[in-house]
Each structure stands twice: as structure tokens, then as C-alpha cells.
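Peer 1: Following this message is one structure expressed as C-alpha cells.
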Amino acid sequence: FSLAFWGQSSYDFDDVRAMHYGYNISDYHFDSILDIIGSALDEQGVKKKDIAEILISLQPIRADVTTGFTVRMEVARKNVEKGKDQLFKRLGGTDGISSLMDALYKIALVDNRIKDLLLKDPDRIKLGQGVYITEMLGGPKQYKGQEISTIHKT
């Protein structure tokens with residue numbers, strides 16, 4: 001934190017990337033930390049203008065802090081693209097995914113930990129998840145829904 005404000009620190013900007021690489025910090029996590037810092041500063045009575053300036057001053061280290069996550073996601077994406085359809089095929093293609101979704105929902109709809117999340121419209125949710133998983137595993141591209149991160153915010 002002090003490094004971002006050009007204060008004393010035990011490591012320099014070149015070390016920020018190495019220090020955070022293994023933590024798998026995404027932009028979501030970085031933004032969450034910024035929100036927490038902003039809230040803490042606000043609770044301490046820091047002026048909104050100063051809070052905004054402080055949060056802006058932290059932006060230059062974003063890429064260094066999130067590099068580990070970004071690199072791993074890109075490697076995973078490339079690996080998935082290389083042999084993506086193999087898992088889809090091994091699971092039995094579209095019919096196999098459909099069967100998997102039926103078995104999954106048979107269990108999920110009686111599991112007290114999660115059933116309330118699905119009871120509103122289980123058939124629609126199961127269909128959407130099945131289409132999404134089919135595509136994710138290399139099957140036909142049919143998913144036209146919202147981004148998963150958007151769906152799970154509501």
C-alpha cells in the first residue's frame with residue numbers, strides 16, 4: 001500500500017509483480033480492494049476528492065498485481081482451445097451433457113444447501129447451464145445468454 005503512494009517500502013515496483021504473481025488476483029479482486037480502501041478512507045473522514053485521487057494513484061500497479069491471474073487465464077484458454085472438444089466427446093456429446101445435467105439436477109433439487117437457488121425455474125436454469133457447459137467443453141456454440149458474471153450478480 002505504501003509503495004503505491006511512493007512511500008518507504010521493502011520492495012520496489014519490479015518486485016510487485018513477483019510478490020503478487022502466485023496469489024491469482026483478478027481485476028475483480030483488485031477492484032474489491034480499492035472499494036475497501038475507499039470505504040476505510042471515508043470512515044476516517046478523508047475528503048471524497050482525496051479518496052478519488054488515492055484510488056487513481058493505485059491504478060498503475062493493477063497490471064503488476066493481476067499478472068499472475070491474467071497469464072494463467074490465457075494459458076488455460078489456449079489449452080482449452082487446442083483440445084477443447086475432446087472432453088465434450090468423451091462425455092458423450094450433446095446427449096451425454098443432457099444426461100449429466102439430468103443427474104446433476106436430480107441431486108441438486110433435493111440438496112438443502114442449494115435447492116432454493118434453483119427452485120424458481122429449474123428447467124430454464126438447467127437448459128441454460130447445459131447449453132453453456134456444452135459450449136464450454138467444446139460442443140456446438142449455442143449459448144446466447146448473458147455473461148455468467150452478470151447472471152450471478154443478481
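Ordered as shown in the C-alpha cells, chains take letters A, B, and onward, while each chain numbers its residues from 1 and ligands are numbered from 1 in the order shown.
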Contacts of range 90-96 of chain A at 8 Å or less, counting only C-alpha atoms, minus same-chain residues fewer than 3 places along, as a list in words?

Peer 2: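 Listing them by chain and then by number gives Gln86, Leu87, Ser99, Leu100, Thr134 and Gly139 of chain A.
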
Peer 1: Just C-alpha atoms for this one: save the residues we selected as an mmCIF file, in the first residue's frame.

Peer 2:
data_model
loop_
_atom_site.group_PDB
_atom_site.id
_atom_site.type_symbol
_atom_site.label_atom_id
_atom_site.label_comp_id
_atom_site.auth_asym_id
_atom_site.auth_seq_id
_atom_site.Cartn_x
_atom_site.Cartn_y
_atom_site.Cartn_z
ATOM 1 C CA GLN A 86 -12.144 -33.906 -26.622
ATOM 2 C CA LEU A 87 -13.766 -33.711 -23.187
ATOM 3 C CA SER A 99 -27.834 -36.845 -19.244
ATOM 4 C CA LEU A 100 -25.253 -35.289 -16.933
ATOM 5 C CA THR A 134 -21.771 -27.890 -23.887
ATOM 6 C CA GLY A 139 -19.537 -28.657 -28.225
#

Peer 1: List every residue of chain A that DSSP, applied to the backbone of this structure, assigns to helix (DSSP H, G or I), and report them as a PyMOL selection string.

Peer 2: chain A and resi 3-5+13-23+27-43+48-90+93-108+115-118+122-136+148-151

Peer 1: Report the distance between CA of Pro122 in chain A and CA of Ile107 in chain A in Å, rounded to one decimal place.

Peer 2: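 Value for the CA of Pro122 in chain A-CA of Ile107 in chain A distance: 12.3 Å.
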
Peer 1: Quick one, how far is CA of Gln44 in chain A from CA of Asp31 in chain A?

Peer 2: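 CA of Asp31 in chain A lies at a distance of 19.9 Å from CA of Gln44 in chain A.
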
Peer 1: Record the distance separating CA of Thr150 in chain A and CA of Gly128 in chain A, expressed in Å with one decimal.

Peer 2: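 The value is 14.1 Å.
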
Peer 1: Could you check which of A:Met101, A:Leu117, A:Val65, A:Val46 is closest to Gln129 in chain A, using only C-alpha atoms?

Peer 2: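 Closest to Gln129 in chain A, using only C-alpha atoms: A:Met101.
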
Peer 1: Between A:Ala40, A:Ala108, A:Ile114, A:Ile61, single out the one closest to Asp15 in chain A, counting only C-alpha atoms.

Peer 2: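 Of A:Ala40, A:Ala108, A:Ile114, A:Ile61, the one nearest Asp15 in chain A is A:Ile61, counting only C-alpha atoms.
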
Peer 1: Just the residues within 12 Å of Gly22 in chain A, please, counting only C-alpha atoms, with nothing from its chain fewer than 6 positions along; format it as a list in words.

Peer 2: Val16, Asp64, Val65, Thr66, Thr67, Gly68, Phe69, Thr70, Val71 and Arg72 of chain A

Peer 1: Store the residues of this selection in a file with all heavy atoms, as a compact mmCIF listing (two decimals), in the first residue's frame.

Peer 2:
# COMPACT_ATOMS: atom_id res chain seq x y z
N VAL A 16 6.70 -5.94 -7.29
CA VAL A 16 5.25 -6.03 -7.10
C VAL A 16 4.69 -7.22 -7.88
O VAL A 16 3.91 -8.01 -7.37
CB VAL A 16 4.55 -4.71 -7.52
CG1 VAL A 16 3.04 -4.87 -7.50
CG2 VAL A 16 4.97 -3.58 -6.60
N ASP A 64 0.55 -5.13 -12.62
CA ASP A 64 1.56 -5.92 -11.91
C ASP A 64 0.93 -6.85 -10.88
O ASP A 64 1.37 -7.98 -10.70
CB ASP A 64 2.57 -5.00 -11.24
CG ASP A 64 3.45 -4.30 -12.25
OD1 ASP A 64 3.79 -4.92 -13.28
OD2 ASP A 64 3.81 -3.13 -12.01
N VAL A 65 -0.11 -6.39 -10.22
CA VAL A 65 -0.77 -7.19 -9.18
C VAL A 65 -1.59 -8.32 -9.80
O VAL A 65 -1.67 -9.41 -9.25
CB VAL A 65 -1.64 -6.29 -8.28
CG1 VAL A 65 -2.52 -7.11 -7.35
CG2 VAL A 65 -0.76 -5.34 -7.47
N THR A 66 -2.18 -8.09 -10.96
CA THR A 66 -3.08 -9.08 -11.57
C THR A 66 -2.41 -9.94 -12.64
O THR A 66 -3.06 -10.80 -13.23
CB THR A 66 -4.31 -8.39 -12.19
OG1 THR A 66 -3.89 -7.49 -13.22
CG2 THR A 66 -5.11 -7.63 -11.15
N THR A 67 -1.14 -9.77 -12.89
CA THR A 67 -0.45 -10.50 -13.96
C THR A 67 -0.56 -12.02 -13.81
O THR A 67 -0.79 -12.72 -14.79
CB THR A 67 1.03 -10.09 -14.04
OG1 THR A 67 1.08 -8.74 -14.48
CG2 THR A 67 1.80 -10.95 -15.02
N GLY A 68 -0.38 -12.54 -12.61
CA GLY A 68 -0.45 -13.99 -12.43
C GLY A 68 -1.77 -14.56 -12.89
O GLY A 68 -1.81 -15.57 -13.61
N PHE A 69 -2.86 -13.92 -12.51
CA PHE A 69 -4.19 -14.36 -12.93
C PHE A 69 -4.33 -14.27 -14.45
O PHE A 69 -4.78 -15.20 -15.11
CB PHE A 69 -5.27 -13.50 -12.25
CG PHE A 69 -6.66 -13.81 -12.70
CD1 PHE A 69 -7.34 -14.89 -12.18
CD2 PHE A 69 -7.29 -13.02 -13.66
CE1 PHE A 69 -8.63 -15.19 -12.60
CE2 PHE A 69 -8.58 -13.31 -14.08
CZ PHE A 69 -9.24 -14.40 -13.55
N THR A 70 -3.92 -13.14 -15.01
CA THR A 70 -4.05 -12.91 -16.45
C THR A 70 -3.28 -13.95 -17.25
O THR A 70 -3.79 -14.52 -18.22
CB THR A 70 -3.55 -11.49 -16.80
OG1 THR A 70 -4.28 -10.54 -16.02
CG2 THR A 70 -3.75 -11.19 -18.27
N VAL A 71 -2.06 -14.24 -16.84
CA VAL A 71 -1.23 -15.22 -17.54
C VAL A 71 -1.86 -16.61 -17.46
O VAL A 71 -1.98 -17.32 -18.47
CB VAL A 71 0.21 -15.24 -16.97
CG1 VAL A 71 0.99 -16.45 -17.47
CG2 VAL A 71 0.93 -13.94 -17.33
N ARG A 72 -2.29 -17.01 -16.26
CA ARG A 72 -2.89 -18.35 -16.10
C ARG A 72 -4.18 -18.48 -16.91
O ARG A 72 -4.45 -19.53 -17.49
CB ARG A 72 -3.13 -18.65 -14.63
CG ARG A 72 -1.86 -19.10 -13.93
CD ARG A 72 -2.13 -19.59 -12.51
NE ARG A 72 -2.33 -18.51 -11.57
CZ ARG A 72 -1.36 -17.76 -11.08
NH1 ARG A 72 -0.12 -17.95 -11.46
NH2 ARG A 72 -1.62 -16.81 -10.21

Peer 1: Find the residues around Gly83 in chain A up to 10 Å (only C-alpha atoms counted), leave out those fewer than 5 positions away in its own chain, and share them as a list of chain:residue names.

Peer 2: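 That gives A:Lys78, A:Phe88, A:Leu137, A:Gly138.
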
Peer 1: Using only C-alpha atoms, which residue out of A:Ile97, A:Asp42, A:Ile133, A:Leu34 lies closest to Leu58 in chain A?

Peer 2: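 Comparing A:Ile97, A:Asp42, A:Ile133, A:Leu34 against Leu58 in chain A, the winner is A:Leu34.
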
Peer 1: Taking only C-alpha atoms into account, which of A:Leu119, A:Asp50, A:Gly130, A:Asp35 comes nearest Ala103 in chain A?

Peer 2: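 Comparing A:Leu119, A:Asp50, A:Gly130, A:Asp35 against Ala103 in chain A, the winner is A:Gly130.
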
Peer 1: Of the residues A:Gly38, A:Tyr105, A:Glu74, A:Ser98, which is the one nearest to Tyr132 in chain A, using only C-alpha atoms?

Peer 2: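 Of the candidates, the smallest distance to Tyr132 in chain A is held by A:Ser98.
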